[in-house]
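Peer 1: Got a file for you: input-v6.txt, compact mmCIF, C-alpha atoms.
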```
# COMPACT_ATOMS: atom_id res chain seq x y z
CA MET A 18 225.14 203.68 53.10
CA ALA A 19 226.85 201.00 51.04
CA SER A 20 226.50 198.93 47.91
CA LEU A 21 225.37 195.31 48.14
CA SER A 22 226.72 192.40 46.13
CA ILE A 23 225.32 188.86 46.22
CA ASN A 24 227.61 186.57 44.24
CA ASN A 25 226.53 183.05 43.27
CA VAL A 26 224.90 182.46 46.66
CA THR A 27 223.32 179.09 47.43
CA LYS A 28 221.54 177.89 50.54
CA SER A 29 220.56 174.34 51.41
CA PHE A 30 218.68 172.95 54.39
CA GLY A 31 219.85 169.34 54.50
CA SER A 32 219.36 167.93 51.02
CA THR A 33 216.89 170.67 50.01
CA GLU A 34 218.44 173.48 47.96
CA VAL A 35 216.44 176.63 48.72
CA LEU A 36 218.57 179.21 46.87
CA LYS A 37 220.28 178.23 43.62
CA GLY A 38 223.07 180.55 42.58
CA ILE A 39 221.72 184.04 43.33
CA ASN A 40 223.52 186.98 41.70
CA ILE A 41 222.34 190.51 42.55
CA ASN A 42 224.31 193.75 42.68
CA ILE A 43 222.91 197.14 43.68
CA ASP A 44 224.61 200.49 44.10
CA SER A 45 224.79 202.50 47.27
CA GLY A 46 221.46 204.18 48.00
CA GLU A 47 219.36 201.92 45.76
CA PHE A 48 215.99 200.47 46.78
CA LEU A 49 215.91 196.74 45.93
CA VAL A 50 212.70 194.73 46.24
CA LEU A 51 212.77 190.93 46.43
CA VAL A 52 209.37 189.73 45.27
CA GLY A 53 207.82 186.36 44.57
CA PRO A 54 205.28 183.83 45.81
CA SER A 55 205.49 182.10 49.18
CA GLY A 56 208.36 179.61 49.32
CA CYS A 57 210.40 181.23 46.54
CA GLY A 58 213.37 181.94 48.85
CA LYS A 59 213.13 185.72 49.23
CA SER A 60 212.98 185.74 53.05
CA THR A 61 215.79 183.19 53.22
CA LEU A 62 217.93 185.50 51.07
CA LEU A 63 217.13 188.44 53.36
CA ASN A 64 218.15 186.35 56.38
CA LEU A 65 221.48 185.53 54.68
CA ILE A 66 222.13 189.25 54.12
CA ALA A 67 221.29 189.90 57.77
CA GLY A 68 223.47 187.04 58.99
CA LEU A 69 220.56 185.19 60.60
CA GLU A 70 221.31 182.17 58.38
CA THR A 71 224.66 180.88 57.13
CA ILE A 72 225.49 180.69 53.42
CA THR A 73 226.08 177.27 51.87
CA SER A 74 228.28 178.72 49.11
CA GLY A 75 229.00 182.04 47.43
CA GLU A 76 229.60 185.39 49.10
CA ILE A 77 227.80 188.54 50.19
CA LEU A 78 229.53 191.92 50.24
CA ILE A 79 228.25 195.02 52.01
CA GLY A 80 230.35 197.79 50.55
CA ASP A 81 233.76 196.22 50.02
CA ARG A 82 233.48 193.82 53.01
CA VAL A 83 232.73 190.14 52.57
CA VAL A 84 230.31 189.51 55.44
CA ASN A 85 229.87 185.72 55.21
CA GLU A 86 231.59 185.12 58.54
CA ILE A 87 230.65 188.40 60.23
CA SER A 88 228.01 188.27 62.97
CA PRO A 89 224.71 190.15 62.46
CA LYS A 90 225.57 192.83 65.02
CA ASP A 91 228.78 193.71 63.20
CA ARG A 92 227.32 193.91 59.66
CA ASP A 93 226.04 197.48 60.12
CA ILE A 94 222.53 196.59 59.02
CA ALA A 95 219.13 197.33 60.58
CA MET A 96 216.07 195.15 60.11
CA VAL A 97 212.37 196.07 60.19
CA PHE A 98 210.16 193.05 60.79
CA GLN A 99 206.61 192.14 59.84
CA ASN A 100 205.52 192.02 63.50
CA TYR A 101 207.26 195.31 64.54
CA ALA A 102 209.26 193.54 67.34
CA LEU A 103 208.88 196.45 69.77
CA TYR A 104 209.57 196.10 73.49
CA PRO A 105 206.05 196.26 75.02
CA ASN A 106 207.18 197.45 78.47
CA MET A 107 209.26 200.34 77.13
CA SER A 108 208.10 203.76 75.98
CA ILE A 109 208.48 204.67 72.33
CA ARG A 110 211.39 206.92 73.27
CA LYS A 111 213.10 204.01 75.01
CA ASN A 112 212.37 201.64 72.11
CA ILE A 113 214.19 204.00 69.74
CA SER A 114 217.08 204.75 72.06
CA PHE A 115 217.65 201.27 73.52
CA GLY A 116 220.02 200.07 70.80
CA LEU A 117 222.08 203.25 71.06
CA GLU A 118 222.31 202.88 74.83
CA THR A 119 223.61 199.31 74.56
CA ARG A 120 226.34 200.62 72.22
CA LYS A 121 227.34 203.22 74.86
CA VAL A 122 226.45 206.20 72.67
CA PRO A 123 226.69 209.47 74.69
CA ARG A 124 223.34 210.55 76.19
CA LYS A 125 223.28 213.91 74.43
CA GLU A 126 223.80 212.23 71.06
CA ILE A 127 221.03 209.74 71.88
CA GLU A 128 218.61 212.56 72.67
CA GLU A 129 219.49 214.37 69.45
CA THR A 130 219.05 211.17 67.44
CA VAL A 131 215.67 210.35 68.99
CA ASN A 132 214.40 213.88 68.34
CA ARG A 133 215.69 213.82 64.75
CA VAL A 134 214.06 210.46 64.04
CA ALA A 135 210.79 211.51 65.69
CA THR A 136 210.68 214.64 63.54
CA LEU A 137 211.53 212.70 60.38
CA LEU A 138 208.72 210.19 60.96
CA GLN A 139 206.30 212.61 62.62
CA ILE A 140 205.99 210.58 65.82
CA GLY A 141 207.12 213.25 68.31
CA GLU A 142 203.80 213.20 70.18
CA LEU A 143 204.08 209.40 70.63
CA LEU A 144 207.44 209.26 72.39
CA ASP A 145 206.06 208.84 75.90
CA ARG A 146 203.46 206.20 74.99
CA LYS A 147 203.79 202.41 75.08
CA PRO A 148 203.46 200.25 71.93
CA ALA A 149 200.05 198.92 73.05
CA GLN A 150 198.68 202.48 72.85
CA LEU A 151 199.57 202.85 69.17
CA SER A 152 197.87 201.84 65.94
CA GLY A 153 199.50 199.38 63.54
CA GLY A 154 200.74 202.18 61.30
CA GLN A 155 202.21 204.08 64.25
CA ARG A 156 203.99 200.96 65.50
CA GLN A 157 205.50 200.44 62.06
CA ARG A 158 206.79 204.02 62.08
CA VAL A 159 208.39 203.37 65.46
CA ALA A 160 210.01 200.18 64.14
CA MET A 161 211.42 202.17 61.24
CA GLY A 162 212.54 204.91 63.64
CA ARG A 163 214.47 202.41 65.73
CA ALA A 164 216.23 201.20 62.57
CA ILE A 165 217.00 204.73 61.37
CA ALA A 166 218.47 205.67 64.75
CA ARG A 167 221.23 203.13 64.20
CA ASN A 168 222.25 204.91 60.98
CA PRO A 169 223.11 201.60 59.27
CA GLU A 170 224.69 201.06 55.89
CA VAL A 171 221.79 198.84 54.75
CA PHE A 172 218.13 198.64 55.80
CA LEU A 173 216.38 195.27 55.54
CA PHE A 174 212.55 195.19 55.47
CA ASP A 175 210.83 191.82 55.88
CA GLU A 176 207.23 192.20 54.62
CA PRO A 177 206.69 195.19 56.96
CA LEU A 178 203.19 196.07 55.73
CA SER A 179 201.53 192.65 55.60
CA ASN A 180 199.74 193.12 58.94
CA LEU A 181 198.13 196.43 57.92
CA ASP A 182 194.76 196.98 56.27
CA ALA A 183 194.61 197.89 52.57
CA LYS A 184 194.27 201.68 53.00
CA LEU A 185 197.05 201.89 55.56
CA ARG A 186 199.31 199.73 53.37
CA VAL A 187 199.03 202.32 50.59
CA GLU A 188 199.79 205.17 53.01
CA MET A 189 202.79 203.41 54.54
CA ARG A 190 204.09 202.45 51.09
CA THR A 191 204.23 206.15 50.25
CA GLU A 192 205.85 206.98 53.58
CA ILE A 193 208.61 204.40 53.10
CA LYS A 194 209.26 205.73 49.60
CA HIS A 195 209.47 209.29 50.95
CA LEU A 196 211.74 208.07 53.74
CA HIS A 197 214.12 206.53 51.23
CA GLN A 198 214.22 209.75 49.23
CA ARG A 199 215.09 211.72 52.37
CA ILE A 200 217.74 209.45 53.90
CA ASN A 201 219.04 207.93 50.62
CA THR A 202 220.17 204.71 52.31
CA THR A 203 220.45 201.29 50.65
CA ILE A 204 217.26 199.28 51.24
CA VAL A 205 216.44 195.62 50.62
CA TYR A 206 212.70 195.04 50.90
CA VAL A 207 210.93 191.66 50.81
CA THR A 208 207.29 191.36 49.76
CA HIS A 209 204.91 189.00 47.98
CA ASP A 210 202.87 192.00 46.76
CA GLN A 211 203.82 192.93 43.19
CA ILE A 212 202.15 196.36 43.53
CA GLU A 213 204.46 197.19 46.44
CA ALA A 214 207.38 196.04 44.33
CA MET A 215 206.40 198.12 41.29
CA THR A 216 205.66 201.32 43.20
CA MET A 217 208.62 201.32 45.59
CA ALA A 218 211.64 199.74 43.91
CA ASP A 219 214.53 201.18 41.96
CA ARG A 220 215.16 197.59 40.88
CA ILE A 221 213.21 194.37 41.35
CA ALA A 222 214.41 190.79 41.68
CA ILE A 223 211.54 188.43 40.85
CA MET A 224 212.13 185.03 42.43
CA LYS A 225 210.66 181.57 41.92
CA ASP A 226 211.87 178.23 43.28
CA GLY A 227 215.10 179.75 44.62
CA ILE A 228 216.08 181.33 41.30
CA VAL A 229 216.03 184.99 40.25
CA GLN A 230 213.82 184.94 37.17
CA GLN A 231 214.54 188.58 36.26
CA PHE A 232 216.45 191.47 37.83
CA ASP A 233 215.71 194.88 36.37
CA THR A 234 213.87 198.18 36.81
CA PRO A 235 210.11 198.02 37.44
CA GLN A 236 209.27 199.42 34.00
CA GLN A 237 211.58 197.00 32.19
CA VAL A 238 210.14 194.06 34.10
CA TYR A 239 206.64 195.19 33.15
CA ASP A 240 207.36 195.96 29.49
CA ASN A 241 209.92 193.25 28.76
CA PRO A 242 209.38 190.20 31.01
CA SER A 243 211.87 187.40 30.43
CA ASN A 244 209.37 184.55 30.74
CA MET A 245 205.71 183.74 31.34
CA PHE A 246 206.12 183.55 35.12
CA VAL A 247 207.41 187.13 35.34
CA ALA A 248 204.84 188.37 32.81
CA GLY A 249 202.00 186.81 34.79
CA PHE A 250 203.29 187.78 38.23
CA ILE A 251 203.90 191.47 37.51
CA GLY A 252 200.87 193.57 36.57
CA SER A 253 197.32 193.84 37.87
CA PRO A 254 195.29 192.52 36.15
CA SER A 255 197.99 190.18 34.93
CA MET A 256 199.04 189.74 31.32
CA ASN A 257 196.72 187.74 29.06
CA PHE A 258 198.19 184.53 27.64
CA ILE A 259 196.54 183.36 24.41
CA GLU A 260 197.68 180.17 22.69
CA CYS A 261 197.62 180.65 18.94
CA SER A 262 199.04 179.10 15.81
CA VAL A 263 201.56 180.91 13.61
CA LYS A 264 200.63 181.23 9.94
CA THR A 265 202.21 182.81 6.88
CA GLU A 266 200.68 186.00 5.52
CA GLY A 267 202.56 186.91 2.33
CA ASN A 268 206.18 186.74 3.42
CA GLN A 269 205.42 187.65 7.04
CA SER A 270 204.37 185.73 10.12
CA ALA A 271 200.85 186.06 11.47
CA VAL A 272 198.89 184.65 14.41
CA GLU A 273 195.37 183.31 14.13
CA LEU A 274 192.78 184.64 16.58
CA ASN A 275 189.24 183.34 16.88
CA THR A 276 186.66 185.29 18.91
CA GLY A 277 183.77 182.99 18.00
CA THR A 278 181.79 185.83 16.42
CA GLU A 279 183.42 185.90 12.97
CA THR A 280 185.83 184.05 10.74
CA PRO A 281 189.19 183.57 12.50
CA GLN A 282 191.56 186.45 11.73
CA GLN A 283 195.23 186.24 10.84
CA LEU A 284 197.02 189.23 12.34
CA VAL A 285 200.42 190.08 10.88
CA ILE A 286 203.21 190.41 13.44
CA PRO A 287 205.73 193.14 12.53
CA PRO A 288 209.25 191.66 12.46
CA GLU A 289 210.47 194.37 14.86
CA VAL A 290 208.01 193.02 17.46
CA CYS A 291 209.10 189.38 17.22
CA GLN A 292 210.76 186.95 14.83
CA LEU A 293 208.39 183.97 14.51
CA GLU A 294 209.74 182.28 11.36
CA ALA A 295 210.96 179.26 13.35
CA TYR A 296 207.44 178.77 14.76
CA ARG A 297 205.41 178.84 11.54
CA GLU A 298 202.69 176.18 11.59
CA LYS A 299 203.43 175.72 15.29
CA SER A 300 201.83 177.08 18.45
CA VAL A 301 203.06 180.05 20.47
CA ILE A 302 201.72 181.92 23.48
CA LEU A 303 200.71 185.50 22.72
CA GLY A 304 201.13 187.74 25.78
CA VAL A 305 199.25 191.04 25.77
CA ARG A 306 198.49 193.41 28.63
CA PRO A 307 194.81 194.29 29.32
CA GLU A 308 195.39 197.95 28.44
CA LYS A 309 196.53 196.89 24.97
CA ILE A 310 193.05 195.51 24.20
CA ALA A 311 190.77 198.51 24.41
CA HIS A 312 187.82 200.21 22.75
CA GLY A 313 190.24 202.33 20.73
CA PHE A 314 193.65 204.02 20.55
CA PRO A 315 194.48 207.58 19.42
CA ASP A 316 196.75 206.46 16.57
CA GLN A 317 194.89 203.32 15.53
CA ASP A 318 194.25 204.35 11.88
CA ALA A 319 197.92 205.01 11.21
CA ASN A 320 199.31 202.07 13.18
CA PRO A 321 199.46 198.76 11.27
CA SER A 322 199.98 196.88 14.55
CA ILE A 323 196.47 197.73 15.74
CA HIS A 324 193.67 195.39 14.64
CA ALA A 325 189.91 195.28 15.22
CA LEU A 326 188.31 192.23 16.85
CA GLN A 327 184.59 191.61 17.13
CA CYS A 328 184.06 189.98 20.53
CA LYS A 329 181.20 188.82 22.71
CA VAL A 330 181.34 190.14 26.27
CA SER A 331 181.26 187.49 29.00
CA VAL A 332 181.73 189.59 32.16
CA ILE A 333 182.33 193.23 33.04
CA GLU A 334 184.14 194.44 36.18
CA PRO A 335 183.80 198.19 36.85
CA THR A 336 186.78 199.60 38.76
CA GLY A 337 185.88 203.31 38.71
CA PRO A 338 188.34 204.96 36.30
CA ASP A 339 187.95 202.12 33.81
CA THR A 340 186.05 198.88 33.27
CA LEU A 341 187.53 195.42 32.79
CA VAL A 342 185.77 193.52 30.02
CA ILE A 343 186.22 189.74 29.80
CA VAL A 344 185.90 188.18 26.34
CA MET A 345 186.83 184.83 24.81
CA ILE A 346 189.71 184.66 22.31
CA ASN A 347 190.90 181.24 21.12
CA GLU A 348 188.67 179.73 23.82
CA LYS A 349 190.62 181.62 26.49
CA ALA A 350 189.15 184.24 28.87
CA VAL A 351 190.90 187.50 28.04
CA THR A 352 190.79 190.69 30.14
CA CYS A 353 190.51 194.04 28.33
CA ARG A 354 190.58 197.54 29.79
CA VAL A 355 188.08 200.06 28.40
CA GLN A 356 186.50 203.38 29.32
CA PRO A 357 183.36 202.82 31.45
CA ALA A 358 181.05 204.51 28.93
CA GLU A 359 182.33 202.27 26.12
CA ALA A 360 181.79 198.89 27.82
CA SER A 361 179.06 196.68 26.41
CA GLN A 362 176.95 194.50 28.69
CA PRO A 363 177.47 190.74 29.15
CA GLY A 364 176.06 188.83 26.19
CA GLU A 365 176.47 191.77 23.81
CA GLU A 366 179.05 192.09 21.08
CA MET A 367 181.55 194.93 20.90
CA THR A 368 184.45 195.90 18.71
CA LEU A 369 187.79 195.90 20.52
CA MET A 370 191.15 197.08 19.20
CA ILE A 371 194.23 194.98 19.97
CA ASP A 372 197.65 196.65 19.81
CA LEU A 373 200.31 194.09 18.90
CA SER A 374 203.19 196.59 18.89
CA LYS A 375 203.82 195.73 22.56
CA ALA A 376 202.86 192.06 22.28
CA ILE A 377 205.24 189.48 23.68
CA PHE A 378 205.49 185.89 22.47
CA PHE A 379 206.49 182.90 24.57
CA ASP A 380 207.54 179.37 23.77
CA PRO A 381 204.67 177.11 24.97
CA ASP A 382 207.06 174.38 26.18
CA SER A 383 209.71 176.37 28.06
CA GLY A 384 207.70 179.51 28.89
CA ARG A 385 210.65 181.60 27.78
CA ARG A 386 210.23 184.75 25.75
CA ILE A 387 210.76 184.43 22.00
CA ALA A 388 213.12 187.16 20.78
```
Produce structure tokens that represent the structure in this file.
Peer 2:
Amino acid sequence: MASLSINNVTKSFGSTEVLKGININIDSGEFLVLVGPSGCGKSTLLNLIAGLETITSGEILIGDRVVNEISPKDRDIAMVFQNYALYPNMSIRKNISFGLETRKVPRKEIEETVNRVATLLQIGELLDRKPAQLSGGQRQRVAMGRAIARNPEVFLFDEPLSNLDAKLRVEMRTEIKHLHQRINTTIVYVTHDQIEAMTMADRIAIMKDGIVQQFDTPQQVYDNPSNMFVAGFIGSPSMNFIECSVKTEGNQSAVELNTGTETPQQLVIPPEVCQLEAYREKSVILGVRPEKIAHGFPDQDANPSIHALQCKVSVIEPTGPDTLVIVMINEKAVTCRVQPAEASQPGEEMTLMIDLSKAIFFDPDSGRRIA
């Protein structure tokens, strides 16, 4: 296994700049997820790491080797594709061993490797079958087994679960995470699914329009997004964005919230949460996660950041363990997460508690977080 460094990498196709100065560094054995919407450049970046595309400028290092001019076969990487890319006329055993045979690995070592990989991925009973006889999940295990057999320094996964159904995606997500814990090899994983990114990564690079918007741990990205794009992309349901005006309450800043059921309230923002002095009498975007607007919190009486709001319920969405309640705040549909027994019915009013201690404020023009 090896570290990976991507230093000021750009990629252009003709006059179109697809990647715009990418900088990412991960340590040996880390699990990096590249996540973002279609067209953000994540698959292009993976292809640059693999050597399937040439870099326009910048450099990529695997370990201490600059690999810009090194061919894919000499980069010591293994790639797992979305479509499995198995040889249909070969047995599973042959699919796993084929790459080793072309490298003239001794037959005994090949047999030991195939058996080790089959045991690791629990596919021993499949070795004599053909790919057409396997399910999608089994084929993906075989594709991973072929990559593991090479014992590369870096694994590259290109949306490997997108062809699987929802239940199998969850199962394979867990299997890949377990695999990483067992083999402890550096992994770069591309997906458009933010849940995959959050559950699997050691660190996430969120991309948009060829730019890394934020590069951090999953929890930091969730708790401290750098801008509205990241805040809205990470989290399910996504963060609520409420446009509100900043007022003065005593010598502190406050935001005005109107639920349509009572006089608009001015809620004081603790200075340790955000400094809003420069925005007084201006508009800001209040970002708050659904779980921070609930029926109640254990410490609500002692926490000055928690405020009561009387709201009229528009829609409820039961999910099993909790219920999503949609209300209107400042003429914006806002999603709240409550216990099922506490949810009022559409058209009824209910008291919700909003916790502003974890609120995040954004500049309405730039979308950037206000410190």
Peer 1: What lies within 10 Å of Gly153 in chain A using only C-alpha atoms, ignoring chain neighbours under 5 positions off, as a list of chain:residue names?
Peer 2: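 Returned residues: A:Asn100, A:Tyr101, A:Pro148, A:Arg158, A:Val159, A:Leu178, A:Asn180, A:Leu181, A:Asp182, A:Leu185.
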Peer 1: Looking at A:Leu49, A:Ile41, A:Ala248, A:Leu173, which one is nearest to Leu63 in chain A, with distances taken over all atoms listed in the file?
Peer 2: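 Residue with the minimum atom-to-atom distance to Leu63 in chain A: A:Leu173.
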Peer 1: With distances taken over all atoms listed in the file, which residue among A:Pro254, A:Gly116, A:Pro338, A:Gly227 lies nearest Asn40 in chain A?
Peer 2: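 Of all the options, A:Gly227 lies closest to Asn40 in chain A.
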Peer 1: Between CA of Ser108 in chain A and CA of Lys125 in chain A, what is the distance, to one decimal in Å?
Peer 2: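 Value for the CA of Ser108 in chain A-CA of Lys125 in chain A distance: 18.3 Å.
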Peer 1: With a distance cut-off of 12 Å and all atoms listed in the file, select the neighbouring residues of Ala135 in chain A, excluding the residue or stretch itself and same-chain residues fewer than 6 positions from it, and output the selection as a list of chain:residue names.
Peer 2: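 Using all atoms listed in the file, the neighbours found are A:Ile109, A:Arg110, A:Asn112, A:Ile113, A:Ser114, A:Glu128, A:Glu129, A:Gly141, A:Glu142, A:Leu143, A:Leu144, A:Asp145, A:Gln155, A:Arg158, A:Val159, A:Ala160, A:Met161, A:Gly162, A:Arg163, A:Ile165, A:Ala166.
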Peer 1: The selected residues should be written to file as a PDB file, in the coordinates of the input (atoms: C-alpha atoms).
Peer 2:
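What ended up in out10.pdb:
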```pdb
ATOM      1  CA  ILE A 109     208.480 204.670  72.330  1.00  0.00           C
ATOM      2  CA  ARG A 110     211.390 206.920  73.270  1.00  0.00           C
ATOM      3  CA  ASN A 112     212.370 201.640  72.110  1.00  0.00           C
ATOM      4  CA  ILE A 113     214.190 204.000  69.740  1.00  0.00           C
ATOM      5  CA  SER A 114     217.080 204.750  72.060  1.00  0.00           C
ATOM      6  CA  GLU A 128     218.610 212.560  72.670  1.00  0.00           C
ATOM      7  CA  GLU A 129     219.490 214.370  69.450  1.00  0.00           C
ATOM      8  CA  GLY A 141     207.120 213.250  68.310  1.00  0.00           C
ATOM      9  CA  GLU A 142     203.800 213.200  70.180  1.00  0.00           C
ATOM     10  CA  LEU A 143     204.080 209.400  70.630  1.00  0.00           C
ATOM     11  CA  LEU A 144     207.440 209.260  72.390  1.00  0.00           C
ATOM     12  CA  ASP A 145     206.060 208.840  75.900  1.00  0.00           C
ATOM     13  CA  GLN A 155     202.210 204.080  64.250  1.00  0.00           C
ATOM     14  CA  ARG A 158     206.790 204.020  62.080  1.00  0.00           C
ATOM     15  CA  VAL A 159     208.390 203.370  65.460  1.00  0.00           C
ATOM     16  CA  ALA A 160     210.010 200.180  64.140  1.00  0.00           C
ATOM     17  CA  MET A 161     211.420 202.170  61.240  1.00  0.00           C
ATOM     18  CA  GLY A 162     212.540 204.910  63.640  1.00  0.00           C
ATOM     19  CA  ARG A 163     214.470 202.410  65.730  1.00  0.00           C
ATOM     20  CA  ILE A 165     217.000 204.730  61.370  1.00  0.00           C
ATOM     21  CA  ALA A 166     218.470 205.670  64.750  1.00  0.00           C
TER      22      ALA A 166
END
```
Peer 1: Could you pull the residues within 9 Å of Val205 in chain A, counting all atoms listed in the file, minus those fewer than 4 positions along the same chain, as a PyMOL selection string?
Peer 2: chain A and resi 47-51+63+171-175
Peer 1: When you count only C-alpha atoms, which of these residues is closest to Thr352 in chain A: A:Leu284, A:Val305, A:Ile323, A:Leu373?
Peer 2: A:Val305
Peer 1: In Å, how far is it from CA of Pro307 in chain A to CA of Arg354 in chain A?
Peer 2: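 Result for CA of Pro307 in chain A versus CA of Arg354 in chain A: 5.4 Å, one decimal.
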Peer 1: Report the distance between CA of Glu273 in chain A and CA of Cys261 in chain A in Å, rounded to one decimal place.
Peer 2: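 Rounded to one decimal, the two atoms are 5.9 Å apart.
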Peer 1: List as a PyMOL selection string: which residues have an atom within 12 Å of (231.3, 190.0, 55.1), counting only C-alpha atoms?
Peer 2: chain A and resi 21-24+65-68+71-72+75-94
Peer 1: Of the residues A:Val229, A:Leu103, A:Leu293, A:Ala358, which is the one nearest to Phe115 in chain A, using all atoms listed in the file?
Peer 2: A:Leu103
Peer 1: Quick one: of A:Leu274, A:Leu369, A:Leu326, A:Ile43, who's nearest to Ile204 in chain A, counting all atoms listed in the file?
Peer 2: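 Checking each of A:Leu274, A:Leu369, A:Leu326, A:Ile43 against Ile204 in chain A, counting all atoms listed in the file, the winner is A:Ile43.
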Peer 1: Could you give me the axis-aligned bounding box of range 304-320 of chain A, with 3 Å of padding per side, as centre plus edge lengths in Å to one decimal, as JSON?
Peer 2:
```
{"center_x": 194.5, "center_y": 197.7, "center_z": 20.3, "size_x": 19.3, "size_y": 25.8, "size_z": 24.1}
```
Peer 1: Give me the residues within 12 Å of Gln198 in chain A as a PyMOL selection string, counting all atoms listed in the file and dropping any in the same chain fewer than 2 places off.
Peer 2: chain A and resi 46-48+137+191-196+200-204+217-219
Peer 1: With distances taken over only C-alpha atoms, which residue among A:Gln211, A:Asn275, A:Ser32, A:Ser243 lies nearest Ser255 in chain A?
Peer 2: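 Looking at the shortest contact to Ser255 in chain A, the residue is A:Gln211.
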Peer 1: Name the residues, using the chain letters and numbers of the file, that sit within 12 Å of (206.9, 187.8, 55.9) when counting only C-alpha atoms, and give them as a short mmCIF file (atom, residue, chain, number, x, y, z; two decimals) with C-alpha atoms, in the frame of the given file.
Peer 2:
```
data_model
loop_
_atom_site.label_atom_id
_atom_site.label_comp_id
_atom_site.auth_asym_id
_atom_site.auth_seq_id
_atom_site.Cartn_x
_atom_site.Cartn_y
_atom_site.Cartn_z
CA LEU A 51 212.77 190.93 46.43
CA VAL A 52 209.37 189.73 45.27
CA GLY A 53 207.82 186.36 44.57
CA PRO A 54 205.28 183.83 45.81
CA SER A 55 205.49 182.10 49.18
CA GLY A 56 208.36 179.61 49.32
CA CYS A 57 210.40 181.23 46.54
CA GLY A 58 213.37 181.94 48.85
CA LYS A 59 213.13 185.72 49.23
CA SER A 60 212.98 185.74 53.05
CA THR A 61 215.79 183.19 53.22
CA LEU A 63 217.13 188.44 53.36
CA ASN A 64 218.15 186.35 56.38
CA VAL A 97 212.37 196.07 60.19
CA PHE A 98 210.16 193.05 60.79
CA GLN A 99 206.61 192.14 59.84
CA ASN A 100 205.52 192.02 63.50
CA TYR A 101 207.26 195.31 64.54
CA PHE A 174 212.55 195.19 55.47
CA ASP A 175 210.83 191.82 55.88
CA GLU A 176 207.23 192.20 54.62
CA PRO A 177 206.69 195.19 56.96
CA LEU A 178 203.19 196.07 55.73
CA SER A 179 201.53 192.65 55.60
CA ASN A 180 199.74 193.12 58.94
CA TYR A 206 212.70 195.04 50.90
CA VAL A 207 210.93 191.66 50.81
CA THR A 208 207.29 191.36 49.76
CA HIS A 209 204.91 189.00 47.98
CA ASP A 210 202.87 192.00 46.76
#
```
Peer 1: So which residues touch Val263 in chain A within 9 Å, counting all atoms listed in the file, skipping near sequence neighbours fewer than 3 positions away, as a tab-separated table (two decimals) with C-alpha atoms, keeping the file's coordinate frame?
Peer 2:
```
chain	number	residue	atom	x	y	z
A	270	SER	CA	204.37	185.73	10.12
A	271	ALA	CA	200.85	186.06	11.47
A	272	VAL	CA	198.89	184.65	14.41
A	273	GLU	CA	195.37	183.31	14.13
A	283	GLN	CA	195.23	186.24	10.84
A	293	LEU	CA	208.39	183.97	14.51
A	294	GLU	CA	209.74	182.28	11.36
A	296	TYR	CA	207.44	178.77	14.76
A	297	ARG	CA	205.41	178.84	11.54
A	298	GLU	CA	202.69	176.18	11.59
A	299	LYS	CA	203.43	175.72	15.29
A	300	SER	CA	201.83	177.08	18.45
A	301	VAL	CA	203.06	180.05	20.47
```
Peer 1: Determine, using only C-alpha atoms, which residues of range 250-369 of chain A have any atom at most 10 Å from an atom of range 235-242 of chain A, and tabulate each with its shortest atom pair and distance in Å to one decimal place, rows ordered by chain and then rising number, as JSON lines.
Peer 2:
```
{"residue": "A:Phe250", "atom": "CA", "partner": "A:Tyr239", "partner_atom": "CA", "distance": 9.6}
{"residue": "A:Ile251", "atom": "CA", "partner": "A:Tyr239", "partner_atom": "CA", "distance": 6.4}
{"residue": "A:Gly252", "atom": "CA", "partner": "A:Tyr239", "partner_atom": "CA", "distance": 6.9}
{"residue": "A:Met256", "atom": "CA", "partner": "A:Tyr239", "partner_atom": "CA", "distance": 9.5}
{"residue": "A:Arg306", "atom": "CA", "partner": "A:Asp240", "partner_atom": "CA", "distance": 9.3}
```
